[in-house]
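Undergrad: My file is structure06.tsv. It has TSV, C-alpha atoms:
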chain	number	residue	atom	x	y	z
A	1	MET	CA	4.74	15.26	26.07
A	2	LYS	CA	7.85	13.11	26.31
A	3	PRO	CA	6.98	9.58	27.46
A	4	ALA	CA	8.00	8.57	30.97
A	5	LEU	CA	8.33	4.95	29.84
A	6	THR	CA	9.54	3.84	26.42
A	7	ALA	CA	10.25	0.31	25.27
A	8	THR	CA	11.46	-0.23	21.71
A	9	GLY	CA	12.16	-3.38	19.76
A	10	ILE	CA	11.87	-5.68	22.75
A	11	GLY	CA	12.63	-9.31	21.95
A	12	LYS	CA	12.65	-12.19	24.40
A	13	ARG	CA	12.75	-15.93	24.15
A	14	PHE	CA	12.85	-18.64	26.80
A	15	GLY	CA	14.80	-21.52	25.34
A	16	ARG	CA	13.16	-22.30	22.00
A	17	ARG	CA	9.98	-20.44	22.85
A	18	VAL	CA	9.83	-16.97	21.35
A	19	VAL	CA	7.71	-14.74	23.59
A	20	LEU	CA	8.29	-11.23	22.26
A	21	THR	CA	9.56	-10.03	18.89
A	22	GLY	CA	10.08	-6.32	18.45
A	23	ALA	CA	7.51	-5.12	20.99
A	24	ASP	CA	7.19	-1.36	21.34
A	25	LEU	CA	5.30	0.79	23.79
A	26	ALA	CA	5.36	4.25	25.30
A	27	VAL	CA	3.45	5.72	28.23
A	28	SER	CA	3.31	9.47	28.80
A	29	PRO	CA	2.85	11.27	32.10
A	30	GLY	CA	-0.86	11.45	32.98
A	31	GLU	CA	-1.67	8.47	30.78
A	32	VAL	CA	-3.17	5.09	31.62
A	33	VAL	CA	-2.31	2.34	29.15
A	34	ALA	CA	-3.83	-1.15	29.24
A	35	LEU	CA	-1.78	-4.07	28.03
A	36	VAL	CA	-3.93	-6.89	26.71
A	37	GLY	CA	-3.33	-10.17	24.93
A	38	GLU	CA	-4.00	-13.88	25.09
A	39	ASN	CA	-2.62	-16.08	27.82
A	40	GLY	CA	1.07	-16.57	27.16
A	41	ALA	CA	1.25	-13.67	24.70
A	42	GLY	CA	3.98	-12.06	26.77
A	43	LYS	CA	2.22	-9.32	28.76
A	44	THR	CA	3.92	-10.31	31.99
A	45	THR	CA	7.28	-10.74	30.26
A	46	LEU	CA	7.02	-7.28	28.70
A	47	LEU	CA	6.01	-5.73	32.03
A	48	ARG	CA	8.92	-7.45	33.80
A	49	ILE	CA	11.31	-6.17	31.18
A	50	CYS	CA	9.90	-2.64	31.53
A	51	ALA	CA	10.31	-2.92	35.33
A	52	GLY	CA	13.89	-4.07	34.92
A	53	VAL	CA	13.54	-7.41	36.66
A	54	LEU	CA	14.08	-9.35	33.43
A	55	ARG	CA	16.75	-8.71	30.82
A	56	PRO	CA	15.52	-8.54	27.20
A	57	ASP	CA	17.39	-10.36	24.46
A	58	ARG	CA	16.94	-7.34	22.21
A	59	GLY	CA	15.63	-3.82	22.53
A	60	LEU	CA	15.83	-0.92	24.93
A	61	VAL	CA	13.77	0.37	27.85
A	62	SER	CA	14.08	3.90	29.14
A	63	THR	CA	12.24	5.48	32.04
A	64	ARG	CA	12.02	8.94	33.55
A	65	GLY	CA	11.43	8.97	37.28
A	66	ARG	CA	11.07	6.17	39.77
A	67	VAL	CA	9.29	2.97	38.74
A	68	GLY	CA	6.86	1.11	41.00
A	69	TYR	CA	6.20	-2.47	39.94
A	70	CYS	CA	3.46	-4.80	41.17
A	71	PRO	CA	4.14	-8.37	39.92
A	72	GLN	CA	1.31	-10.76	39.15
A	73	GLU	CA	2.38	-13.21	41.85
A	74	PRO	CA	3.09	-11.51	45.18
A	75	ALA	CA	6.83	-11.92	45.82
A	76	LEU	CA	6.92	-11.79	49.61
A	77	LEU	CA	8.88	-13.26	52.51
A	78	GLU	CA	6.34	-15.71	53.90
A	79	ARG	CA	7.29	-15.44	57.57
A	80	LEU	CA	7.34	-11.67	57.66
A	81	SER	CA	4.28	-9.58	58.46
A	82	ALA	CA	2.75	-6.76	56.45
A	83	ARG	CA	4.48	-4.33	58.85
A	84	ASP	CA	7.86	-5.95	58.20
A	85	HIS	CA	7.30	-5.74	54.46
A	86	LEU	CA	6.35	-2.07	54.63
A	87	VAL	CA	9.55	-1.30	56.57
A	88	LEU	CA	11.61	-3.42	54.16
A	89	PHE	CA	10.21	-1.93	50.95
A	90	GLY	CA	10.02	1.55	52.47
A	91	GLY	CA	13.76	1.28	53.14
A	92	ALA	CA	14.32	0.65	49.43
A	93	VAL	CA	12.91	4.07	48.56
A	94	GLY	CA	14.48	5.87	51.49
A	95	LEU	CA	11.43	6.03	53.74
A	96	GLU	CA	12.21	5.79	57.43
A	97	ARG	CA	10.30	3.19	59.41
A	98	GLY	CA	7.53	5.42	60.79
A	99	ARG	CA	6.75	7.01	57.47
A	100	ALA	CA	6.76	3.71	55.60
A	101	LEU	CA	4.33	2.25	58.13
A	102	ALA	CA	2.06	5.32	58.08
A	103	GLU	CA	1.99	5.53	54.29
A	104	GLY	CA	1.49	1.79	53.85
A	105	ALA	CA	-1.14	1.48	56.58
A	106	ARG	CA	-3.15	4.31	55.06
A	107	ALA	CA	-3.13	2.67	51.62
A	108	LEU	CA	-3.90	-0.80	52.99
A	109	ASP	CA	-6.76	0.51	55.12
A	110	ALA	CA	-8.17	2.28	52.06
A	111	LEU	CA	-8.26	-1.10	50.29
A	112	GLY	CA	-10.06	-2.68	53.27
A	113	PHE	CA	-7.04	-4.58	54.61
A	114	ALA	CA	-7.56	-3.55	58.30
A	115	PHE	CA	-3.90	-2.96	58.99
A	116	ALA	CA	-4.35	-2.59	62.77
A	117	GLY	CA	-5.65	-6.16	63.01
A	118	GLN	CA	-3.70	-7.92	60.29
A	119	GLY	CA	-0.49	-5.93	60.15
A	120	ARG	CA	1.46	-8.22	62.48
A	121	ILE	CA	0.30	-11.54	60.99
A	122	SER	CA	2.76	-13.53	58.85
A	123	VAL	CA	1.82	-13.00	55.22
A	124	ARG	CA	1.56	-16.77	54.75
A	125	HIS	CA	-1.53	-16.65	56.97
A	126	LEU	CA	-3.20	-13.86	54.98
A	127	SER	CA	-5.92	-14.52	52.42
A	128	GLY	CA	-5.06	-14.36	48.73
A	129	GLY	CA	-6.77	-10.99	48.50
A	130	GLY	CA	-4.89	-9.68	51.56
A	131	ARG	CA	-1.55	-10.73	50.08
A	132	GLN	CA	-2.45	-9.09	46.78
A	133	LYS	CA	-3.41	-5.83	48.50
A	134	LEU	CA	-0.06	-5.82	50.27
A	135	ASN	CA	1.65	-6.65	46.97
A	136	LEU	CA	0.04	-3.62	45.34
A	137	VAL	CA	0.74	-1.24	48.21
A	138	LEU	CA	4.43	-2.23	48.35
A	139	SER	CA	4.79	-1.15	44.73
A	140	LEU	CA	3.30	2.27	45.52
A	141	LEU	CA	5.53	3.19	48.47
A	142	GLY	CA	7.52	6.35	47.86
A	143	ASP	CA	5.04	7.68	45.30
A	144	PRO	CA	6.59	6.33	42.05
A	145	ASP	CA	6.29	8.29	38.79
A	146	VAL	CA	5.81	5.24	36.57
A	147	ILE	CA	3.44	2.54	37.85
A	148	LEU	CA	3.57	-0.94	36.29
A	149	LEU	CA	0.79	-3.27	37.39
A	150	ASP	CA	0.40	-6.91	36.36
A	151	GLU	CA	-3.23	-7.86	36.99
A	152	PRO	CA	-2.99	-6.31	40.44
A	153	TYR	CA	-6.60	-6.82	41.54
A	154	GLN	CA	-6.67	-10.64	41.60
A	155	GLY	CA	-8.49	-11.79	44.73
A	156	PHE	CA	-9.77	-8.30	45.54
A	157	ASP	CA	-13.25	-8.03	46.98
A	158	HIS	CA	-15.70	-5.76	45.19
A	159	GLY	CA	-15.00	-2.69	47.33
A	160	ALA	CA	-11.23	-2.94	46.93
A	161	TYR	CA	-11.65	-3.53	43.21
A	162	ALA	CA	-13.73	-0.34	42.84
A	163	ASP	CA	-11.24	1.60	44.98
A	164	PHE	CA	-8.38	0.36	42.83
A	165	TRP	CA	-9.86	1.83	39.66
A	166	GLU	CA	-10.54	5.09	41.49
A	167	TRP	CA	-6.87	5.15	42.41
A	168	VAL	CA	-5.93	4.63	38.78
A	169	GLY	CA	-7.97	7.72	37.85
A	170	ALA	CA	-6.33	9.70	40.65
A	171	TRP	CA	-2.85	8.65	39.47
A	172	ARG	CA	-3.68	9.87	35.98
A	173	ASP	CA	-4.84	13.21	37.40
A	174	ARG	CA	-1.54	13.53	39.29
A	175	GLY	CA	0.49	13.00	36.13
A	176	LYS	CA	1.63	9.43	36.78
A	177	SER	CA	2.34	7.07	33.91
A	178	VAL	CA	0.35	3.89	34.44
A	179	LEU	CA	0.71	0.60	32.54
A	180	ILE	CA	-1.69	-2.21	33.51
A	181	ALA	CA	-1.63	-5.73	32.15
A	182	THR	CA	-5.21	-6.96	32.26
A	183	HIS	CA	-7.64	-9.57	31.02
A	184	LEU	CA	-10.69	-7.53	31.95
A	185	LEU	CA	-11.96	-6.25	28.65
A	186	ALA	CA	-14.93	-4.64	30.41
A	187	GLU	CA	-12.58	-2.22	32.15
A	188	LEU	CA	-10.69	-1.08	29.08
A	189	TRP	CA	-12.79	2.08	28.86
A	190	ARG	CA	-10.90	3.30	31.90
A	191	ALA	CA	-7.63	3.31	29.95
A	192	ASP	CA	-6.55	6.10	27.65
A	193	ARG	CA	-4.98	3.60	25.27
A	194	VAL	CA	-4.96	-0.14	24.78
A	195	ILE	CA	-1.92	-2.00	23.49
A	196	GLU	CA	-2.38	-5.58	22.38
A	197	VAL	CA	0.57	-7.92	22.72
A	198	PRO	CA	0.25	-10.32	19.79
A	199	SER	CA	0.83	-14.01	20.38
A	200	CYS	CA	4.03	-15.26	18.80
A	201	PRO	CA	3.81	-18.40	16.70
A	202	ALA	CA	5.36	-21.36	18.50
A	203	GLY	CA	9.07	-21.17	17.85
B	1	MET	CA	19.73	2.90	59.57
B	2	PRO	CA	21.92	1.80	56.63
B	3	ARG	CA	19.94	-0.05	54.01
B	4	TRP	CA	21.89	-3.28	54.40
B	5	MET	CA	20.83	-3.32	58.06
B	6	THR	CA	17.17	-3.04	57.07
B	7	LEU	CA	17.76	-6.09	54.91
B	8	ALA	CA	19.59	-7.84	57.75
B	9	GLU	CA	16.69	-7.15	60.09
B	10	ALA	CA	14.20	-8.61	57.61
B	11	GLN	CA	16.40	-11.65	57.05
B	12	ALA	CA	16.79	-12.16	60.80
B	13	ARG	CA	13.04	-11.88	61.36
B	14	ASP	CA	12.40	-14.35	58.57
B	15	LEU	CA	14.84	-16.82	60.11
B	16	ALA	CA	13.48	-16.23	63.62
B	17	GLY	CA	10.10	-17.39	62.34
B	18	ARG	CA	11.64	-20.74	61.47
B	19	TRP	CA	12.17	-21.78	65.07
B	20	LEU	CA	12.10	-25.50	64.30
B	21	ALA	CA	14.78	-25.09	61.62
B	22	LEU	CA	16.85	-23.00	64.05
B	23	ALA	CA	16.50	-25.68	66.72
B	24	LEU	CA	17.63	-28.35	64.24
B	25	LEU	CA	20.57	-26.20	63.27
B	26	PHE	CA	22.03	-26.92	66.68
B	27	ALA	CA	20.26	-30.19	67.50
B	28	LEU	CA	21.65	-32.07	64.52
B	29	PRO	CA	25.36	-31.53	65.30
B	30	ALA	CA	24.66	-31.97	69.00
B	31	THR	CA	22.94	-35.30	68.41
B	32	TRP	CA	25.65	-36.49	66.08
B	33	TYR	CA	28.39	-35.55	68.53
B	34	LEU	CA	26.61	-37.03	71.57
B	35	ALA	CA	25.83	-40.27	69.74
B	36	GLU	CA	29.44	-40.72	68.63
B	37	ARG	CA	30.67	-39.79	72.07
B	38	ALA	CA	28.32	-42.25	73.74
B	39	ALA	CA	29.72	-44.93	71.41
B	40	GLY	CA	33.20	-43.96	72.57
B	41	GLN	CA	34.34	-42.90	69.11
B	42	PRO	CA	37.44	-40.70	69.08
B	43	TRP	CA	36.15	-38.71	66.09
B	44	ALA	CA	33.03	-37.50	67.95
B	45	VAL	CA	34.16	-33.84	67.95
B	46	GLY	CA	35.05	-33.95	64.27
B	47	ALA	CA	31.72	-35.55	63.37
B	48	GLY	CA	29.75	-32.92	65.27
B	49	ALA	CA	31.87	-30.13	63.83
B	50	LEU	CA	31.22	-31.37	60.30
B	51	ALA	CA	27.51	-31.40	61.10
B	52	THR	CA	27.68	-27.74	62.19
B	53	GLY	CA	29.23	-26.96	58.82
B	54	TRP	CA	26.52	-28.85	57.01
B	55	THR	CA	23.65	-27.22	58.92
B	56	SER	CA	25.14	-23.73	58.51
B	57	GLY	CA	25.53	-24.35	54.79
B	58	ALA	CA	21.95	-25.62	54.59
B	59	ALA	CA	20.67	-22.52	56.42
B	60	ALA	CA	22.46	-20.29	53.90
B	61	LEU	CA	21.15	-22.40	51.03
B	62	PHE	CA	17.54	-22.13	52.15
B	63	ALA	CA	17.85	-18.41	52.93
B	64	VAL	CA	19.08	-17.73	49.39
B	65	LEU	CA	16.55	-20.06	47.75
B	66	GLY	CA	13.71	-18.65	49.86
B	67	SER	CA	14.54	-15.14	48.68
B	68	ARG	CA	15.10	-15.83	45.01
B	69	ARG	CA	11.73	-14.40	43.98
B	70	ILE	CA	11.82	-11.35	46.21
B	71	ASP	CA	15.45	-10.37	45.58
B	72	PRO	CA	14.96	-8.99	42.04
B	73	ARG	CA	11.92	-7.11	43.27
B	74	LEU	CA	13.86	-5.56	46.15
B	75	VAL	CA	16.56	-4.44	43.73
B	76	GLN	CA	13.90	-3.07	41.40
B	77	ALA	CA	12.38	-1.22	44.36
B	78	GLY	CA	15.64	0.55	45.09
B	79	TYR	CA	18.08	-1.64	47.01
B	80	ARG	CA	21.55	-2.18	45.64
B	81	PRO	CA	22.56	-5.84	45.26
B	82	ARG	CA	25.34	-5.22	47.76
B	83	ASP	CA	22.76	-4.11	50.36
B	84	LEU	CA	21.12	-7.52	50.03
B	85	LEU	CA	24.48	-9.25	50.01
B	86	PHE	CA	25.84	-7.57	53.15
B	87	GLY	CA	22.54	-7.82	55.01
B	88	ARG	CA	22.11	-11.51	54.32
B	89	LEU	CA	25.76	-12.40	54.87
B	90	ALA	CA	25.76	-10.60	58.23
B	91	VAL	CA	22.81	-12.63	59.47
B	92	LEU	CA	23.94	-15.98	58.06
B	93	LEU	CA	27.51	-15.62	59.29
B	94	GLY	CA	26.22	-14.51	62.69
B	95	LEU	CA	23.95	-17.53	62.84
B	96	ALA	CA	26.71	-19.92	61.73
B	97	LEU	CA	29.11	-18.54	64.33
B	98	LEU	CA	26.42	-18.74	67.02
B	99	THR	CA	25.83	-22.39	66.14
B	100	ALA	CA	29.58	-23.01	66.29
B	101	ALA	CA	29.76	-21.25	69.69
B	102	ALA	CA	26.86	-23.30	71.06
B	103	PHE	CA	28.50	-26.49	69.81
B	104	THR	CA	31.76	-25.47	71.46
B	105	LEU	CA	29.97	-25.03	74.79
B	106	LEU	CA	28.43	-28.49	74.35
B	107	ILE	CA	31.72	-30.25	73.75
B	108	LEU	CA	33.29	-28.34	76.65
B	109	ALA	CA	30.52	-29.67	78.86
B	110	PHE	CA	31.04	-33.30	77.80
B	111	SER	CA	34.67	-33.66	76.80
B	112	TRP	CA	37.52	-31.22	76.96
B	113	PRO	CA	39.09	-31.27	73.50
B	114	ARG	CA	42.79	-32.00	73.26
B	115	ASN	CA	43.43	-28.66	71.57
B	116	LEU	CA	40.62	-26.16	72.17
B	117	ALA	CA	42.23	-23.46	70.01
B	118	ASN	CA	42.23	-25.82	67.02
B	119	VAL	CA	38.59	-26.72	67.56
B	120	LEU	CA	37.64	-23.03	67.78
B	121	LEU	CA	39.63	-22.27	64.63
B	122	GLY	CA	38.08	-25.19	62.78
B	123	LEU	CA	34.54	-24.28	63.76
B	124	GLY	CA	35.00	-20.57	63.02
B	125	LEU	CA	36.59	-21.12	59.62
B	126	GLY	CA	34.13	-23.92	58.88
B	127	ALA	CA	31.22	-21.53	59.55
B	128	VAL	CA	32.53	-19.02	57.02
B	129	VAL	CA	33.19	-21.70	54.39
B	130	ALA	CA	29.79	-23.30	55.03
B	131	VAL	CA	27.85	-20.06	54.47
B	132	THR	CA	29.64	-19.30	51.19
B	133	LEU	CA	29.28	-22.93	50.08
B	134	GLY	CA	25.52	-22.92	50.82
B	135	TRP	CA	25.19	-19.65	48.94
B	136	VAL	CA	27.01	-20.80	45.82
B	137	VAL	CA	25.17	-24.13	45.68
B	138	ALA	CA	21.84	-22.26	45.96
B	139	VAL	CA	22.82	-19.96	43.10
B	140	LEU	CA	24.10	-22.74	40.86
B	141	VAL	CA	21.29	-25.21	41.59
B	142	PRO	CA	18.18	-23.17	42.43
B	143	HIS	CA	16.03	-26.17	43.43
B	144	GLU	CA	15.71	-27.23	47.06
B	145	LEU	CA	16.00	-31.01	46.75
B	146	GLU	CA	18.89	-31.05	44.29
B	147	ALA	CA	20.78	-28.34	46.17
B	148	VAL	CA	20.43	-30.09	49.54
B	149	LEU	CA	21.55	-33.39	48.02
B	150	ILE	CA	24.67	-31.72	46.66
B	151	LEU	CA	25.41	-30.20	50.06
B	152	ILE	CA	24.89	-33.57	51.75
B	153	GLY	CA	27.18	-35.15	49.18
B	154	ILE	CA	29.98	-32.64	49.77
B	155	ALA	CA	29.72	-32.94	53.55
B	156	GLY	CA	29.30	-36.70	53.44
B	157	ILE	CA	32.31	-37.41	51.27
B	158	SER	CA	34.61	-35.05	53.21
B	159	PRO	CA	35.75	-37.39	56.02
B	160	THR	CA	36.16	-40.49	53.82
B	161	ALA	CA	37.64	-39.03	50.63
B	162	PRO	CA	41.18	-40.28	50.00
B	163	GLY	CA	43.91	-37.86	51.15
B	164	PRO	CA	44.66	-35.77	48.06
B	165	VAL	CA	40.96	-35.51	47.12
B	166	GLY	CA	39.89	-34.71	50.68
B	167	GLU	CA	42.39	-31.89	50.88
B	168	TRP	CA	40.67	-30.17	47.98
B	169	LEU	CA	37.20	-30.29	49.56
B	170	PRO	CA	35.72	-27.22	51.27
B	171	PHE	CA	35.42	-28.68	54.78
B	172	TYR	CA	39.00	-29.96	54.88
B	173	ALA	CA	40.24	-27.29	57.30
B	174	LEU	CA	37.26	-27.78	59.60
B	175	LEU	CA	37.75	-31.54	59.65
B	176	ARG	CA	41.50	-31.42	60.09
B	177	PHE	CA	41.36	-28.88	62.93
B	178	THR	CA	38.74	-30.90	64.81
B	179	ASP	CA	40.10	-34.40	64.08
B	180	GLU	CA	41.38	-35.70	67.42
B	181	THR	CA	42.47	-39.02	65.96
B	182	ARG	CA	45.44	-37.43	64.17
B	183	PRO	CA	48.33	-35.26	65.36
B	184	ASP	CA	47.75	-31.51	65.56
B	185	PRO	CA	48.08	-29.95	62.09
B	186	ALA	CA	50.13	-26.92	61.07
B	187	ALA	CA	47.60	-24.11	61.43
B	188	TRP	CA	48.55	-21.63	58.71
B	189	PRO	CA	48.12	-23.85	55.64
B	190	LEU	CA	44.64	-24.78	56.88
B	191	ILE	CA	43.74	-21.16	57.62
B	192	VAL	CA	44.84	-20.18	54.12
B	193	HIS	CA	42.90	-23.17	52.69
B	194	ALA	CA	39.67	-22.09	54.41
B	195	ILE	CA	40.04	-18.40	53.62
B	196	ALA	CA	40.85	-19.15	49.98
B	197	TYR	CA	37.83	-21.44	49.76
B	198	ALA	CA	35.57	-18.81	51.34
B	199	LEU	CA	36.86	-16.11	49.00
B	200	VAL	CA	36.51	-18.21	45.86
B	201	LEU	CA	33.08	-19.56	46.80
B	202	GLY	CA	31.88	-16.17	48.04
B	203	GLY	CA	33.21	-14.44	44.93
B	204	ALA	CA	31.59	-16.93	42.58
B	205	ALA	CA	28.30	-16.77	44.48
B	206	THR	CA	28.31	-12.98	44.46
B	207	LEU	CA	29.01	-12.72	40.73
B	208	LEU	CA	26.38	-15.25	39.74
B	209	TRP	CA	23.80	-13.98	42.20
B	210	GLN	CA	24.30	-10.32	41.29
B	211	ARG	CA	23.76	-11.17	37.66
B	212	ARG	CA	20.44	-12.72	38.62
B	213	VAL	CA	19.10	-9.85	40.72
B	214	ARG	CA	20.62	-6.88	38.92
B	215	LEU	CA	18.40	-4.68	36.79
B	216	GLY	CA	18.41	-5.81	33.19
Step by step, read the file and then write its structure as structure tokens.
TA:
Amino acid sequence: MKPALTATGIGKRFGRRVVLTGADLAVSPGEVVALVGENGAGKTTLLRICAGVLRPDRGLVSTRGRVGYCPQEPALLERLSARDHLVLFGGAVGLERGRALAEGARALDALGFAFAGQGRISVRHLSGGGRQKLNLVLSLLGDPDVILLDEPYQGFDHGAYADFWEWVGAWRDRGKSVLIATHLLAELWRADRVIEVPSCPAG
Amino acid sequence: MPRWMTLAEAQARDLAGRWLALALLFALPATWYLAERAAGQPWAVGAGALATGWTSGAAALFAVLGSRRIDPRLVQAGYRPRDLLFGRLAVLLGLALLTAAAFTLLILAFSWPRNLANVLLGLGLGAVVAVTLGWVVAVLVPHELEAVLILIGIAGISPTAPGPVGEWLPFYALLRFTDETRPDPAAWPLIVHAIAYALVLGGAATLLWQRRVRLG
């Protein structure tokens, strides 16, 4: 099956530091791929390039369908609430206010966020886990075809963590293409394929 | 609702949460004006007007800097850069003009300016220049302390810079229109000066900022 996400010959450097040299990957519909590598190997950089939030120095990325991207660090507006964020990000994918709130609240509740109680609180007052749950759910609004997740479970409690991996299985069953950057080697059995990003020698 | 309005609503809510900053936005020029007025200085209106320009520029600067991490993500999620641009500009210009209007009411309450139309023109044009100036400084120097210092420097040097240099600074039209120690200026050259400054600064800010948030 033709991949929904293809990255070929990706190169990236930050100043003198070479992070990626000729990285390739492809993720097909209905496939879960884990991206592993040492700290600083370039997993996050590669994921950001695949998501289109960072420009590569070399190489090409092509995607089929809409891409949902969950960054490692929640990029949020600190004084806005979870409700405000759902409306804001829902607007990006064409969801009207009511639908964005309904879809987001359902997903947040499923992760144990208790949207009815916490939905109107500024995100700066949420726990780290709460912010991360919101971060994940924002990337899933509008049912994307390609899902890029950069260690999305940081700060999750045990229940949310288990639910997250159940979701990953459900996405695979629904034909989504899932790419997860992870350090959790114990969870690699859940992926269909593992791609290791090699560390570049200091440049 | 158009997408830029969704962005504007989010930006407005974010700013509304900063009630102390919003209060200072008006309090700083008000304090400056009232202090100069109490001292009997003839440049009290001009000093307060310059402070409105500085605070409006600072508000724009912090709004852009505060969103620099979320902007690329919003574009990745589906917004067009121009949605973000229009939404944010609408809120920041609205806020700058509101500050200018509140300051006008204050000076009307304490001293009737010699030429009210000039003061209104100066404050209105100054608000537009200030927002674009704050935006471009935030894009060029994406660090809070350094960016604020540059903005303070530009505002601070404006009233004391020697003639030819002062005329090339962004707040020249604002200062000249609100300076009651000098004869009334010819309006059109100053209007053109302010509009040209706003267009150049706004254009530069838009180009640089779009490059930063656009998909790679």
Undergrad: Could you name the residues that touch segment 171-182 of chain B at 9 Å or less, counting all atoms listed in the file, but leaving out those on the same chain fewer than 6 positions away, as an MDAnalysis selection string?
TA: chainID B and resid 42:47 49:50 53 113:127 129:130 154:155 158:159 189:191 193:194
Undergrad: Counting all atoms listed in the file, find the residues whose atoms lie at most 7 Å from (1.3, 2.5, 32.7) (file coordinates) and write them out as a PyMOL selection string.
TA: chain A and resi 27+31-33+146-148+177-180
Undergrad: Please produce a file of the residues just selected, as a PDB file, keeping the file's coordinate frame, where the atoms kept are C-alpha atoms.
TA:
ATOM      1  CA  VAL A  27       3.450   5.720  28.230  1.00  0.00           C
ATOM      2  CA  GLU A  31      -1.670   8.470  30.780  1.00  0.00           C
ATOM      3  CA  VAL A  32      -3.170   5.090  31.620  1.00  0.00           C
ATOM      4  CA  VAL A  33      -2.310   2.340  29.150  1.00  0.00           C
ATOM      5  CA  VAL A 146       5.810   5.240  36.570  1.00  0.00           C
ATOM      6  CA  ILE A 147       3.440   2.540  37.850  1.00  0.00           C
ATOM      7  CA  LEU A 148       3.570  -0.940  36.290  1.00  0.00           C
ATOM      8  CA  SER A 177       2.340   7.070  33.910  1.00  0.00           C
ATOM      9  CA  VAL A 178       0.350   3.890  34.440  1.00  0.00           C
ATOM     10  CA  LEU A 179       0.710   0.600  32.540  1.00  0.00           C
ATOM     11  CA  ILE A 180      -1.690  -2.210  33.510  1.00  0.00           C
TER      12      ILE A 180
END
Undergrad: Suppose you want the space between atom CA of Arg58 of chain A and atom CA of Gly42 of chain A; what is it in Å?
TA: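 Taking atom CA of Arg58 of chain A as the start and atom CA of Gly42 of chain A as the end point, the length is 14.5 Å.
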Undergrad: Give the answer as one residue: which of A:Ala186, A:Val36, A:Ala92, A:Leu5 has the shortest atom-to-atom distance to chain B, using only C-alpha atoms?
TA: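 Smallest distance to chain B is found for A:Ala92.
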Undergrad: Between A:Leu138, A:Leu47, A:Ala191, A:Ala7, which is the closest to chain B once you count all atoms listed in the file?
TA: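 Ranked by minimum distance to chain B, first place goes to A:Leu138.
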Undergrad: Give me the residues of chain B that have any atom at most 8 Å from an atom of chain A; for each, the nearest atom pair and the distance in Å, rounded to one decimal. Use only C-alpha atoms, sort by chain and number, and format it as a tab-separated table.
TA:
residue	atom	partner	partner_atom	distance
B:Arg3	CA	A:Gly91	CA	6.4
B:Thr6	CA	A:Leu88	CA	6.3
B:Leu7	CA	A:Leu88	CA	6.7
B:Ala10	CA	A:Leu88	CA	6.7
B:Arg13	CA	A:Leu80	CA	6.8
B:Asp14	CA	A:Arg79	CA	5.3
B:Gly17	CA	A:Arg79	CA	5.9
B:Arg18	CA	A:Arg79	CA	7.9
B:Gly66	CA	A:Leu77	CA	7.7
B:Ser67	CA	A:Leu77	CA	7.1
B:Arg69	CA	A:Ala75	CA	5.8
B:Ile70	CA	A:Ala75	CA	5.0
B:Pro72	CA	A:Val53	CA	5.8
B:Arg73	CA	A:Val53	CA	6.8
B:Leu74	CA	A:Ala92	CA	7.0
B:Val75	CA	A:Ala92	CA	8.0
B:Gln76	CA	A:Val53	CA	6.4
B:Ala77	CA	A:Ala92	CA	5.7
B:Gly78	CA	A:Ala92	CA	4.5
B:Tyr79	CA	A:Ala92	CA	5.0
B:Val213	CA	A:Val53	CA	7.3
B:Arg214	CA	A:Val53	CA	7.5
B:Leu215	CA	A:Gly52	CA	4.9
B:Gly216	CA	A:Arg55	CA	4.1
Undergrad: Which residue out of A:Arg124, A:Gly30, A:Glu196, A:Leu86 has the minimum interatomic distance to Asp173 of chain A when all atoms listed in the file are used?
TA: A:Gly30
Undergrad: Taking only C-alpha atoms into account, name the residue in A:Arg64, A:Ala105, A:Ile121, A:Ala41 that is nearest to Val18 of chain A.
TA: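 Checking each candidate against Val18 of chain A, we get A:Ala41 as the closest.
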Undergrad: One decimal, Å: what's the distance from atom CA of Gln11 of chain B over to atom CA of Leu92 of chain B, could you say?
TA: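 Separation of atom CA of Gln11 of chain B and atom CA of Leu92 of chain B: 8.8 Å.
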Undergrad: Measuring atom to atom with all atoms listed in the file, identify which of B:Ala59, B:Ala12, B:Ala138, B:Leu106 is nearest to Pro29 of chain B.
TA: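 When distances to Pro29 of chain B are compared using all atoms listed in the file, the smallest one comes from B:Leu106.
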